[in-house]
$ cat query_10.txt   # compact mmCIF, C-alpha atoms
# COMPACT_ATOMS: atom_id res chain seq x y z
CA MET A 1 75.03 162.63 111.50
CA LEU A 2 78.31 162.18 113.37
CA ASN A 3 76.64 163.52 116.51
CA ASN A 4 73.86 160.90 116.24
CA VAL A 5 76.35 158.06 115.81
CA VAL A 6 78.35 159.05 118.88
CA LEU A 7 75.24 159.51 121.02
CA LYS A 8 73.87 156.15 119.85
CA TYR A 9 76.82 154.20 121.22
CA SER A 10 77.58 156.34 124.28
CA ARG A 11 76.44 155.17 127.70
CA ASP A 12 76.52 156.77 131.12
CA ASN A 13 79.58 155.89 133.20
CA GLU A 14 81.42 154.65 130.11
CA ASP A 15 84.55 156.07 128.55
CA LEU A 16 84.78 156.38 124.80
CA ILE A 17 88.27 156.15 123.34
CA LEU A 18 88.77 158.25 120.24
CA ASN A 19 91.73 157.44 117.97
CA LEU A 20 92.85 160.63 116.25
CA SER A 21 95.90 159.19 114.52
CA SER A 22 94.27 159.08 111.10
CA GLY A 23 91.68 161.78 111.61
CA THR A 24 91.59 164.95 109.56
CA PRO A 25 91.55 168.31 111.41
CA GLN A 26 87.85 168.67 110.47
CA MET A 27 87.02 165.26 111.97
CA LYS A 28 88.89 166.06 115.18
CA SER A 29 87.15 169.40 115.52
CA ALA A 30 83.72 167.86 114.95
CA LEU A 31 84.30 165.09 117.50
CA PHE A 32 85.63 167.48 120.12
CA THR A 33 82.63 169.74 119.57
CA ILE A 34 80.27 166.81 120.14
CA ASN A 35 82.20 165.86 123.25
CA ARG A 36 82.14 169.36 124.79
CA LEU A 37 78.54 170.18 123.94
CA ASN A 38 77.09 166.85 125.05
CA ASP A 39 79.48 166.26 127.96
CA ILE A 40 80.35 162.75 126.77
CA ASN A 41 83.18 160.87 128.48
CA VAL A 42 85.52 160.87 125.50
CA ARG A 43 89.26 160.39 125.85
CA ALA A 44 91.12 161.18 122.65
CA TYR A 45 94.51 159.68 121.78
CA GLN A 46 96.94 160.09 118.96
CA VAL A 47 99.87 157.81 118.03
CA ILE A 48 102.75 159.90 116.75
CA THR A 49 105.15 158.52 114.14
CA PRO A 50 108.59 157.13 115.08
CA SER A 51 110.14 160.19 113.44
CA HIS A 52 107.80 162.50 115.42
CA SER A 53 106.72 164.15 112.19
CA SER A 54 104.75 163.37 109.05
CA ASN A 55 104.92 159.93 107.34
CA GLU A 56 105.27 161.65 104.02
CA GLY A 57 108.17 160.20 102.01
CA ILE A 58 108.57 157.12 104.21
CA GLY A 59 108.28 153.86 102.21
CA HIS A 60 106.05 150.92 103.11
CA ASP A 61 107.44 147.54 104.26
CA ASN A 62 104.78 145.40 102.58
CA ASN A 63 107.38 143.42 100.64
CA LEU A 64 109.28 142.28 103.76
CA ASP A 65 108.73 139.04 105.68
CA ILE A 66 106.22 139.44 108.50
CA ASN A 67 108.38 137.58 111.03
CA TYR A 68 111.30 139.87 110.26
CA LEU A 69 109.07 142.91 110.74
CA ILE A 70 107.86 141.60 114.11
CA SER A 71 111.39 140.90 115.32
CA THR A 72 112.61 144.34 114.34
CA ASN A 73 109.53 146.20 115.53
CA LEU A 74 110.74 148.90 117.94
CA ASP A 75 107.30 148.97 119.60
CA ASN A 76 107.71 145.27 120.47
CA ARG A 77 110.62 145.79 122.84
CA LYS A 78 110.69 146.16 126.62
CA ASP A 79 112.30 149.58 126.33
CA PHE A 80 109.82 150.80 123.71
CA GLU A 81 109.18 154.51 123.28
CA LYS A 82 105.71 155.59 124.36
CA ARG A 83 104.23 157.30 121.35
CA ILE A 84 100.61 157.48 122.53
CA LEU A 85 99.61 161.02 123.47
CA GLU A 86 96.33 162.11 125.00
CA ASP A 87 94.85 165.08 123.22
CA LYS A 88 92.89 167.11 125.77
CA ALA A 89 91.69 169.69 123.22
CA GLU A 90 93.05 172.57 125.25
CA LYS A 91 92.95 174.95 122.30
CA PHE A 92 89.36 173.97 121.56
CA GLN A 93 88.41 174.40 125.20
CA LYS A 94 90.04 177.83 125.31
CA THR A 95 88.08 178.82 122.22
CA LEU A 96 84.80 177.89 123.89
CA ILE A 97 85.74 179.71 127.09
CA LYS A 98 86.72 182.82 125.14
CA ARG A 99 83.39 182.69 123.32
CA THR A 100 81.56 182.49 126.64
CA MET A 101 83.64 185.39 127.95
CA LYS A 102 82.68 187.50 124.97
CA ASP A 103 79.00 186.70 125.50
CA LEU A 104 79.27 187.81 129.13
CA LEU A 105 81.09 190.94 128.00
CA THR A 106 78.35 191.76 125.50
CA ASN A 107 75.76 191.39 128.27
CA PHE A 108 77.82 193.56 130.66
CA ASP A 109 77.92 190.68 133.15
CA TYR A 110 81.31 191.61 134.54
CA GLU A 111 81.03 189.69 137.79
CA SER A 112 80.41 186.37 135.99
CA LEU A 113 83.21 187.22 133.59
CA TYR A 114 85.51 187.93 136.52
CA ASN A 115 84.65 184.59 138.16
CA LEU A 116 85.24 182.74 134.90
CA SER A 117 88.56 184.51 134.40
CA MET A 118 89.70 183.42 137.85
CA LYS A 119 89.11 179.76 136.94
CA HIS A 120 90.44 179.61 133.38
CA ARG A 121 93.62 181.09 131.96
CA VAL A 122 93.02 181.68 128.26
CA LEU A 123 95.61 184.42 127.70
CA SER A 124 99.23 185.03 128.55
CA LYS A 125 99.98 185.48 132.24
CA SER A 126 100.45 189.25 131.95
CA LYS A 127 97.30 189.82 129.90
CA MET A 128 95.24 187.52 132.11
CA LYS A 129 96.43 189.47 135.14
CA LYS A 130 95.36 192.73 133.49
CA VAL A 131 91.91 191.39 132.57
CA ILE A 132 91.32 190.09 136.09
CA SER A 133 92.46 193.39 137.61
CA LEU A 134 90.11 195.43 135.40
CA LEU A 135 87.15 193.16 136.12
CA GLN A 136 87.83 193.01 139.84
CA ASP A 137 87.97 196.80 140.01
CA LEU A 138 84.66 197.16 138.20
CA THR A 139 82.94 194.39 140.16
CA GLU A 140 83.96 195.88 143.50
CA ALA A 141 82.87 199.35 142.38
CA VAL A 142 79.36 198.05 141.74
CA LYS A 143 79.21 195.92 144.89
CA TYR A 144 80.63 198.37 147.38
CA GLN A 145 80.25 201.74 145.59
CA LYS A 146 84.03 202.08 145.48
CA LEU A 147 85.69 204.55 143.16
CA LEU A 148 86.91 202.98 139.96
CA LYS A 149 90.67 203.29 139.61
CA VAL A 150 90.30 205.13 136.32
CA VAL A 151 88.08 207.69 138.07
CA ASN A 152 90.20 207.92 141.21
CA GLN A 153 93.29 208.70 139.12
CA THR A 154 91.74 211.82 137.57
CA ASP A 155 92.32 215.39 138.75
CA TYR A 156 88.70 216.01 139.76
CA CYS A 157 87.88 216.81 143.37
CA GLU A 158 86.56 214.00 145.56
CA LYS A 159 82.89 214.98 145.21
CA GLU A 160 83.23 215.25 141.43
CA LYS A 161 84.84 211.80 141.35
CA LYS A 162 81.94 210.38 143.36
CA LEU A 163 79.42 211.91 140.97
CA ILE A 164 81.20 210.55 137.88
CA ASN A 165 81.56 207.15 139.54
CA SER A 166 77.85 207.07 140.42
CA TYR A 167 77.00 207.91 136.84
CA LEU A 168 79.13 205.00 135.59
CA ILE A 169 77.34 202.62 137.93
CA ILE A 170 73.91 203.77 136.79
CA LEU A 171 75.08 203.55 133.16
CA LEU A 172 76.02 199.92 133.76
CA GLN A 173 72.59 199.21 135.28
CA ALA A 174 71.01 200.81 132.22
CA ASN A 175 73.15 198.69 129.88
CA ARG A 176 71.92 195.62 131.75
CA GLU A 177 68.34 196.97 131.61
CA LEU A 178 67.92 196.89 135.39
CA VAL A 179 65.11 199.43 135.33
CA SER A 180 64.38 199.55 139.06
CA GLU A 181 68.05 200.17 139.90
CA VAL A 182 68.21 202.98 137.35
CA LEU A 183 65.06 204.63 138.74
CA ILE A 184 66.24 204.50 142.34
CA ARG A 185 69.78 205.71 141.64
CA SER A 186 68.77 208.50 139.25
CA LYS A 187 67.23 210.68 141.98
CA ASN A 188 70.33 210.19 144.12
CA ILE A 189 72.54 211.41 141.27
CA GLY A 190 70.26 214.41 140.69
CA GLU A 191 70.34 215.50 144.33
CA TYR A 192 74.07 214.93 144.73
CA ALA A 193 74.74 216.92 141.56
CA CYS A 194 72.64 219.83 142.87
CA GLU A 195 74.50 219.82 146.17
CA LEU A 196 77.83 219.80 144.37
CA TYR A 197 76.81 222.64 142.06
CA LEU A 198 75.44 224.83 144.87
CA GLU A 199 78.40 224.19 147.17
CA LYS A 200 80.81 225.19 144.41
CA ASN A 201 78.91 228.36 143.45
CA TYR A 202 77.13 229.24 146.72
CA PRO A 203 79.22 227.70 149.52
CA ASP A 204 77.08 229.22 152.30
CA LEU A 205 73.66 228.26 150.90
CA ILE A 206 73.46 224.74 152.37
CA PHE A 207 74.14 223.68 155.91
CA TRP A 208 74.13 220.10 157.12
CA LYS A 209 72.44 218.69 160.17
CA GLU A 210 72.40 214.97 161.01
CA ASN A 211 73.62 214.20 157.47
CA ARG A 212 70.76 216.09 155.87
CA PRO A 213 70.97 219.31 153.80
CA TYR A 214 69.02 222.42 154.79
CA LEU A 215 68.67 225.90 153.34
CA ASN A 216 70.66 228.53 155.18
CA SER A 217 67.77 230.96 155.61
CA GLU A 218 69.90 233.52 157.44
CA ASN A 219 72.09 234.02 154.40
CA TYR A 220 69.31 233.53 151.83
CA PRO A 221 66.07 234.85 153.37
CA ASN A 222 64.67 235.82 149.97
CA ILE A 223 65.06 232.27 148.70
CA GLU A 224 63.26 230.95 151.76
CA ASP A 225 60.39 233.41 151.27
CA LYS A 226 60.02 232.30 147.64
CA LEU A 227 59.87 228.67 148.69
CA LEU A 228 57.38 229.31 151.49
CA ASN A 229 55.07 231.22 149.14
CA ASN A 230 55.21 228.56 146.43
CA GLU A 231 52.04 226.50 146.91
CA ASP A 232 53.18 223.82 144.45
CA ILE A 233 56.05 222.54 146.59
CA HIS A 234 54.62 222.82 150.13
CA TYR A 235 57.89 223.94 151.65
CA ARG A 236 58.11 224.30 155.44
CA LYS A 237 60.69 226.06 157.58
CA GLU A 238 63.59 223.84 158.55
CA GLN A 239 62.60 221.25 155.94
CA TYR A 240 65.54 219.34 154.52
CA LEU A 241 66.20 219.80 150.83
CA ASN A 242 65.35 217.39 148.02
CA ILE A 243 65.58 217.45 144.24
CA HIS A 244 62.35 219.45 143.80
CA LEU A 245 63.52 222.15 146.21
CA TYR A 246 66.97 222.23 144.63
CA ILE A 247 65.37 222.91 141.26
CA LYS A 248 63.32 225.79 142.68
CA ILE A 249 66.40 227.25 144.37
CA LEU A 250 68.38 227.08 141.11
CA GLU A 251 65.50 228.77 139.30
CA GLU A 252 65.40 231.58 141.86
CA LEU A 253 69.15 232.01 141.48
CA ASN A 254 68.73 232.22 137.67
CA GLU A 255 71.27 229.46 137.21
CA ASN A 256 72.12 227.22 134.24
CA GLU A 257 68.90 226.77 132.24
CA GLU A 258 70.06 223.57 130.57
CA LEU A 259 70.91 222.03 133.92
CA ILE A 260 67.53 223.05 135.36
CA GLU A 261 65.73 221.60 132.32
CA SER A 262 67.53 218.26 132.68
CA LEU A 263 66.78 218.17 136.41
CA ASN A 264 63.09 218.87 135.77
CA LYS A 265 62.91 216.04 133.24
CA LEU A 266 64.66 213.68 135.66
CA SER A 267 62.33 214.61 138.53
CA GLY A 268 59.44 213.72 136.22
CA TYR A 269 60.28 210.07 136.87
CA ASN A 270 60.04 210.55 140.63
CA GLN A 271 56.52 209.13 140.89
CA GLN A 272 57.56 205.87 139.22
CA ARG A 273 60.71 205.87 141.32
CA ASN A 274 58.75 206.15 144.58
CA LYS A 275 56.42 203.34 143.55
CA VAL A 276 59.43 201.09 143.08
CA ALA A 277 61.42 202.24 146.10
CA HIS A 278 58.58 202.49 148.62
CA GLY A 279 55.67 200.52 147.19
CA LEU A 280 57.55 197.61 145.58
CA SER A 281 55.28 198.11 142.58
CA GLU A 282 55.66 196.66 139.12
CA ILE A 283 57.25 198.97 136.56
CA PRO A 284 55.18 199.56 133.40
CA ALA A 285 57.67 199.29 130.54
CA SER A 286 55.86 202.01 128.57
CA GLN A 287 56.41 204.58 131.35
CA VAL A 288 60.16 204.20 131.79
CA ASN A 289 62.93 204.61 129.25
CA VAL A 290 66.21 203.79 130.97
CA ARG A 291 68.26 205.17 128.09
CA LYS A 292 66.57 208.56 128.41
CA ILE A 293 67.09 208.55 132.18
CA VAL A 294 70.79 207.73 131.95
CA ASN A 295 71.27 210.37 129.24
CA LEU A 296 69.64 212.94 131.53
CA CYS A 297 72.00 211.85 134.31
CA TYR A 298 74.98 212.47 132.04
CA GLN A 299 73.69 215.92 131.05
CA ILE A 300 73.33 216.76 134.75
CA VAL A 301 76.84 215.52 135.55
CA ASP A 302 78.18 217.51 132.60
CA GLY A 303 76.37 220.61 133.89
CA CYS A 304 78.00 220.31 137.31
CA VAL A 305 81.48 219.12 136.39
CA ASP A 306 83.88 220.43 133.76
CA LEU A 307 84.27 217.03 132.11
CA LYS A 308 87.47 216.43 130.18
CA GLU A 309 86.48 212.96 128.96
CA ASP A 310 83.38 211.41 127.40
CA TRP A 311 82.37 209.08 130.22
CA SER A 312 79.25 208.00 128.33
CA LYS A 313 81.54 205.86 126.14
CA PHE A 314 83.27 204.21 129.11
CA TYR A 315 81.81 200.70 128.71
CA ASP A 316 82.22 200.70 124.94
CA GLN A 317 85.92 201.40 125.45
CA PHE A 318 86.16 198.97 128.36
CA ASN A 319 84.56 196.13 126.40
CA ASN A 320 86.64 196.86 123.33
CA GLU A 321 89.86 196.68 125.37
CA ILE A 322 89.03 193.27 126.84
CA SER A 323 87.56 191.94 123.59
CA THR A 324 90.74 192.89 121.73
CA MET A 325 92.83 190.93 124.22
CA LEU A 326 90.53 187.91 123.88
CA ASP A 327 90.98 188.01 120.11
CA GLU A 328 94.75 187.73 120.37
$ encode --input "query_10.txt" --output "C-alpha cells"
Amino acid sequence: MLNNVVLKYSRDNEDLILNLSSGTPQMKSALFTINRLNDINVRAYQVITPSHSSNEGIGHDNNLDINYLISTNLDNRKDFEKRILEDKAEKFQKTLIKRTMKDLLTNFDYESLYNLSMKHRVLSKSKMKKVISLLQDLTEAVKYQKLLKVVNQTDYCEKEKKLINSYLIILLQANRELVSEVLIRSKNIGEYACELYLEKNYPDLIFWKENRPYLNSENYPNIEDKLLNNEDIHYRKEQYLNIHLYIKILEELNENEELIESLNKLSGYNQQRNKVAHGLSEIPASQVNVRKIVNLCYQIVDGCVDLKEDWSKFYDQFNNEISTMLDE
C-alpha cells in the first residue's frame, strides 16, 4: 500500500522530500526500500533534537505564551544551529550491495563480483582489500590461465601446479554450467595428465618436436609395434600422440588401472567435444553431464599427482570465506 501511495504522487524529474523525524524504524526501512527498488528521487531528512538525543523526559511548553516562545526560539536566531541532517541510507544501501554480492557468489560470477567490489566498499578497509585481492587473483586465472596464488604457493612441481590449476578452472566452468567450455578443456586436461604421468615414470618415452609429443620408438619399439598393429586406433609412424594413444600406451605398460579407466571414460566424450570444438554444433543436454566430466578430471589429476589437499572443495571453501566476511 505504501509503495502505491509513493508511486502515485511521484513524477519524473521531481524530488520527493521525506521527513523521517517522526518515523518509526519500520517506516524508514519501508520507504527506503521503495526508493531503492523503484529508483525514485527521494531525499530523506531528519531533524535532530536540541539535546541531540531522545525527547524522552523533556516537558512540553504548551502552557507558555506563544510570543515568548517565538522570542526565545533558538531556531529563530541568525546564529541558529543546523539540526537538519540528510539520511542517505548508507547502511541500507550496503545491505542491498552485500545481498547482490552473495547472489553473484552463489552463481560463481567472480568477475562481476570483483567489479562490484571495486566500486563499493561494504567492509572494513583491510577486509575489502582481501576480498578484492582474492577475486582479482581468481578472475585473472580464468582470463589468462595464470596460476592461482594458492596453487603457486604449494610444493608441487610446475607441471603438477599447471594440472591442478587447469582442473580448478574447469571446475569453475562446471559450476557455472558452461558445458562447451568443460567439454573442450576436459580433453586438454586428460592429455596433459598423461604426459605428466609418463614423463615422471618413463622420462625417455616421449620426445617433443615443434611443440608436439611423439613416441620415442627407438627406446620403445615394442610399444610402437603394438600401436601399429592395433586396427582400432589407426596409428602411423611419426604420428603425434593424443589421448587415445596415451591410453593404449598406458595399457601396454600395465599402468594404473583406475587411471586408465577414468581416461577411457573421459575420452568417451570426445565425439561430443569435437562437434563443439570443430563443428560449432549444439550440445544435446542428455548426452553431456558436466558433473561427471569434472569428477573424471579430478580422478585423473589424483592419479597423476600425489594430492595433499582436496581441491574438489576449493570453491566451497572460497565462497564460504568471502560469505563469512560479508556477514560480518
$ atom_distance --input "query_10.txt" --atom1 "CA of Val301 in chain A" --atom2 "CA of Leu266 in chain A"
12.3 Å
$ atom_distance --input "query_10.txt" --atom1 "CA of Glu231 in chain A" --atom2 "CA of Ile249 in chain A"
14.6 Å
$ closest_residue --input "query_10.txt" --among "A:Val294, A:Leu326, A:Met128, A:Leu168" --to "Ser262 in chain A" --atoms "only C-alpha atoms"
A:Val294
$ atom_distance --input "query_10.txt" --atom1 "CA of Lys248 in chain A" --atom2 "CA of Leu227 in chain A"
7.5 Å
$ residues_around --input "query_10.txt" --residues "Met325 in chain A" --least-positions-apart "5" --cutoff "9 Å" --atoms "all atoms listed in the file" --output "PyMOL selection string"
chain A and resi 123+127-128+131+320
$ closest_residue --input "query_10.txt" --among "A:Val142, A:Ile322, A:Cys297, A:Ile170" --to "Leu105 in chain A" --atoms "all atoms listed in the file"
A:Ile322
$ residues_near_point --input "query_10.txt" --point "(73.8, 198.0, 139.0)" --cutoff "9 Å" --atoms "only C-alpha atoms" --output "list of chain:residue names"
A:Val142, A:Lys143, A:Ile169, A:Ile170, A:Leu171, A:Leu172, A:Gln173, A:Ala174, A:Arg176, A:Leu178, A:Glu181, A:Val182
$ closest_residue --input "query_10.txt" --among "A:Leu138, A:Asp155, A:Asp75, A:Ile164" --to "Asp310 in chain A" --atoms "all atoms listed in the file"
A:Ile164
$ closest_residue --input "query_10.txt" --among "A:Ala285, A:Leu205, A:Tyr235, A:Ser217" --to "Leu253 in chain A" --atoms "all atoms listed in the file"
A:Leu205
$ closest_residue --input "query_10.txt" --among "A:Leu64, A:Asn76, A:Lys102, A:Leu18" --to "Thr324 in chain A" --atoms "all atoms listed in the file"
A:Lys102
$ residues_around --input "query_10.txt" --residues "Ala141 in chain A" --least-positions-apart "3" --cutoff "12 Å" --atoms "only C-alpha atoms" --output "list of chain:residue names"
A:Tyr110, A:Glu111, A:Leu134, A:Leu135, A:Gln136, A:Asp137, A:Leu138, A:Tyr144, A:Gln145, A:Lys146, A:Leu147, A:Leu148, A:Lys149, A:Val150, A:Val151, A:Asn152, A:Lys162, A:Asn165, A:Ser166, A:Tyr167, A:Leu168, A:Ile169, A:Ile170, A:Leu172
$ axis_aligned_box --input "query_10.txt" --around "range 153-157 of chain A" --padding-each-side "6 Å" --output "JSON"
{"center_x": 90.6, "center_y": 212.8, "center_z": 140.5, "size_x": 17.4, "size_y": 20.1, "size_z": 17.8}
$ closest_residue --input "query_10.txt" --among "A:Asn219, A:Gln299, A:Gln271, A:Ser124" --to "Gly190 in chain A" --atoms "only C-alpha atoms"
A:Gln299
$ residues_near_point --input "query_10.txt" --point "(64.5, 220.9, 146.4)" --cutoff "10 Å" --atoms "all atoms listed in the file" --output "PyMOL selection string"
chain A and resi 191+194+213-215+227+233+235+239-250
$ build_atoms --input "query_10.txt" --residues "range 285-296 of chain A" --atoms "all heavy atoms" --output "mmCIF file, keeping the file's coordinate frame"
data_model
loop_
_atom_site.group_PDB
_atom_site.id
_atom_site.type_symbol
_atom_site.label_atom_id
_atom_site.label_comp_id
_atom_site.auth_asym_id
_atom_site.auth_seq_id
_atom_site.Cartn_x
_atom_site.Cartn_y
_atom_site.Cartn_z
ATOM 1 N N ALA A 285 56.573 199.053 131.489
ATOM 2 C CA ALA A 285 57.670 199.290 130.540
ATOM 3 C C ALA A 285 57.429 200.542 129.696
ATOM 4 O O ALA A 285 58.375 201.230 129.312
ATOM 5 C CB ALA A 285 57.835 198.071 129.635
ATOM 6 N N SER A 286 56.174 200.860 129.425
ATOM 7 C CA SER A 286 55.860 202.010 128.570
ATOM 8 C C SER A 286 56.134 203.341 129.261
ATOM 9 O O SER A 286 56.247 204.374 128.606
ATOM 10 C CB SER A 286 54.381 201.953 128.147
ATOM 11 O OG SER A 286 53.542 201.970 129.299
ATOM 12 N N GLN A 287 56.235 203.339 130.605
ATOM 13 C CA GLN A 287 56.410 204.580 131.350
ATOM 14 C C GLN A 287 57.866 204.924 131.642
ATOM 15 O O GLN A 287 58.153 206.028 132.104
ATOM 16 C CB GLN A 287 55.636 204.495 132.672
ATOM 17 C CG GLN A 287 54.130 204.402 132.500
ATOM 18 C CD GLN A 287 53.397 204.376 133.822
ATOM 19 O OE1 GLN A 287 53.965 204.697 134.855
ATOM 20 N NE2 GLN A 287 52.135 203.981 133.794
ATOM 21 N N VAL A 288 58.760 203.988 131.419
ATOM 22 C CA VAL A 288 60.160 204.200 131.790
ATOM 23 C C VAL A 288 61.070 203.867 130.619
ATOM 24 O O VAL A 288 61.000 202.785 130.049
ATOM 25 C CB VAL A 288 60.545 203.337 133.013
ATOM 26 C CG1 VAL A 288 62.000 203.562 133.365
ATOM 27 C CG2 VAL A 288 59.657 203.651 134.207
ATOM 28 N N ASN A 289 61.914 204.810 130.280
ATOM 29 C CA ASN A 289 62.930 204.610 129.250
ATOM 30 C C ASN A 289 64.295 204.798 129.900
ATOM 31 O O ASN A 289 64.717 205.927 130.159
ATOM 32 C CB ASN A 289 62.729 205.603 128.101
ATOM 33 C CG ASN A 289 63.672 205.358 126.939
ATOM 34 O OD1 ASN A 289 64.839 205.029 127.129
ATOM 35 N ND2 ASN A 289 63.166 205.516 125.725
ATOM 36 N N VAL A 290 64.950 203.697 130.224
ATOM 37 C CA VAL A 290 66.210 203.790 130.970
ATOM 38 C C VAL A 290 67.281 204.553 130.197
ATOM 39 O O VAL A 290 68.125 205.228 130.798
ATOM 40 C CB VAL A 290 66.750 202.392 131.362
ATOM 41 C CG1 VAL A 290 65.850 201.737 132.382
ATOM 42 C CG2 VAL A 290 66.914 201.508 130.143
ATOM 43 N N ARG A 291 67.241 204.470 128.872
ATOM 44 C CA ARG A 291 68.260 205.170 128.090
ATOM 45 C C ARG A 291 68.071 206.678 128.211
ATOM 46 O O ARG A 291 69.050 207.433 128.310
ATOM 47 C CB ARG A 291 68.159 204.731 126.622
ATOM 48 C CG ARG A 291 69.346 205.132 125.765
ATOM 49 C CD ARG A 291 70.653 204.707 126.354
ATOM 50 N NE ARG A 291 70.751 203.302 126.663
ATOM 51 C CZ ARG A 291 71.774 202.742 127.261
ATOM 52 N NH1 ARG A 291 72.794 203.483 127.659
ATOM 53 N NH2 ARG A 291 71.780 201.445 127.508
ATOM 54 N N LYS A 292 66.828 207.132 128.228
ATOM 55 C CA LYS A 292 66.570 208.560 128.410
ATOM 56 C C LYS A 292 67.017 209.017 129.797
ATOM 57 O O LYS A 292 67.599 210.093 129.965
ATOM 58 C CB LYS A 292 65.085 208.863 128.214
ATOM 59 C CG LYS A 292 64.634 208.892 126.770
ATOM 60 C CD LYS A 292 63.184 209.338 126.667
ATOM 61 C CE LYS A 292 62.740 209.423 125.207
ATOM 62 N NZ LYS A 292 61.329 209.867 125.090
ATOM 63 N N ILE A 293 66.729 208.190 130.803
ATOM 64 C CA ILE A 293 67.090 208.550 132.180
ATOM 65 C C ILE A 293 68.598 208.672 132.320
ATOM 66 O O ILE A 293 69.113 209.630 132.900
ATOM 67 C CB ILE A 293 66.544 207.500 133.171
ATOM 68 C CG1 ILE A 293 65.016 207.539 133.187
ATOM 69 C CG2 ILE A 293 67.081 207.751 134.574
ATOM 70 C CD1 ILE A 293 64.384 206.460 134.045
ATOM 71 N N VAL A 294 69.332 207.696 131.792
ATOM 72 C CA VAL A 294 70.790 207.730 131.950
ATOM 73 C C VAL A 294 71.401 208.862 131.127
ATOM 74 O O VAL A 294 72.414 209.447 131.528
ATOM 75 C CB VAL A 294 71.388 206.347 131.570
ATOM 76 C CG1 VAL A 294 71.555 206.188 130.071
ATOM 77 C CG2 VAL A 294 72.724 206.138 132.261
ATOM 78 N N ASN A 295 70.789 209.221 130.009
ATOM 79 C CA ASN A 295 71.270 210.370 129.240
ATOM 80 C C ASN A 295 71.042 211.675 130.002
ATOM 81 O O ASN A 295 71.889 212.580 129.968
ATOM 82 C CB ASN A 295 70.560 210.432 127.878
ATOM 83 C CG ASN A 295 71.050 209.353 126.919
ATOM 84 O OD1 ASN A 295 72.111 208.777 127.119
ATOM 85 N ND2 ASN A 295 70.265 209.069 125.899
ATOM 86 N N LEU A 296 69.904 211.768 130.692
ATOM 87 C CA LEU A 296 69.640 212.940 131.530
ATOM 88 C C LEU A 296 70.667 213.028 132.654
ATOM 89 O O LEU A 296 71.155 214.119 132.976
ATOM 90 C CB LEU A 296 68.224 212.858 132.112
ATOM 91 C CG LEU A 296 67.064 213.158 131.158
ATOM 92 C CD1 LEU A 296 65.735 212.842 131.820
ATOM 93 C CD2 LEU A 296 67.098 214.628 130.727
#
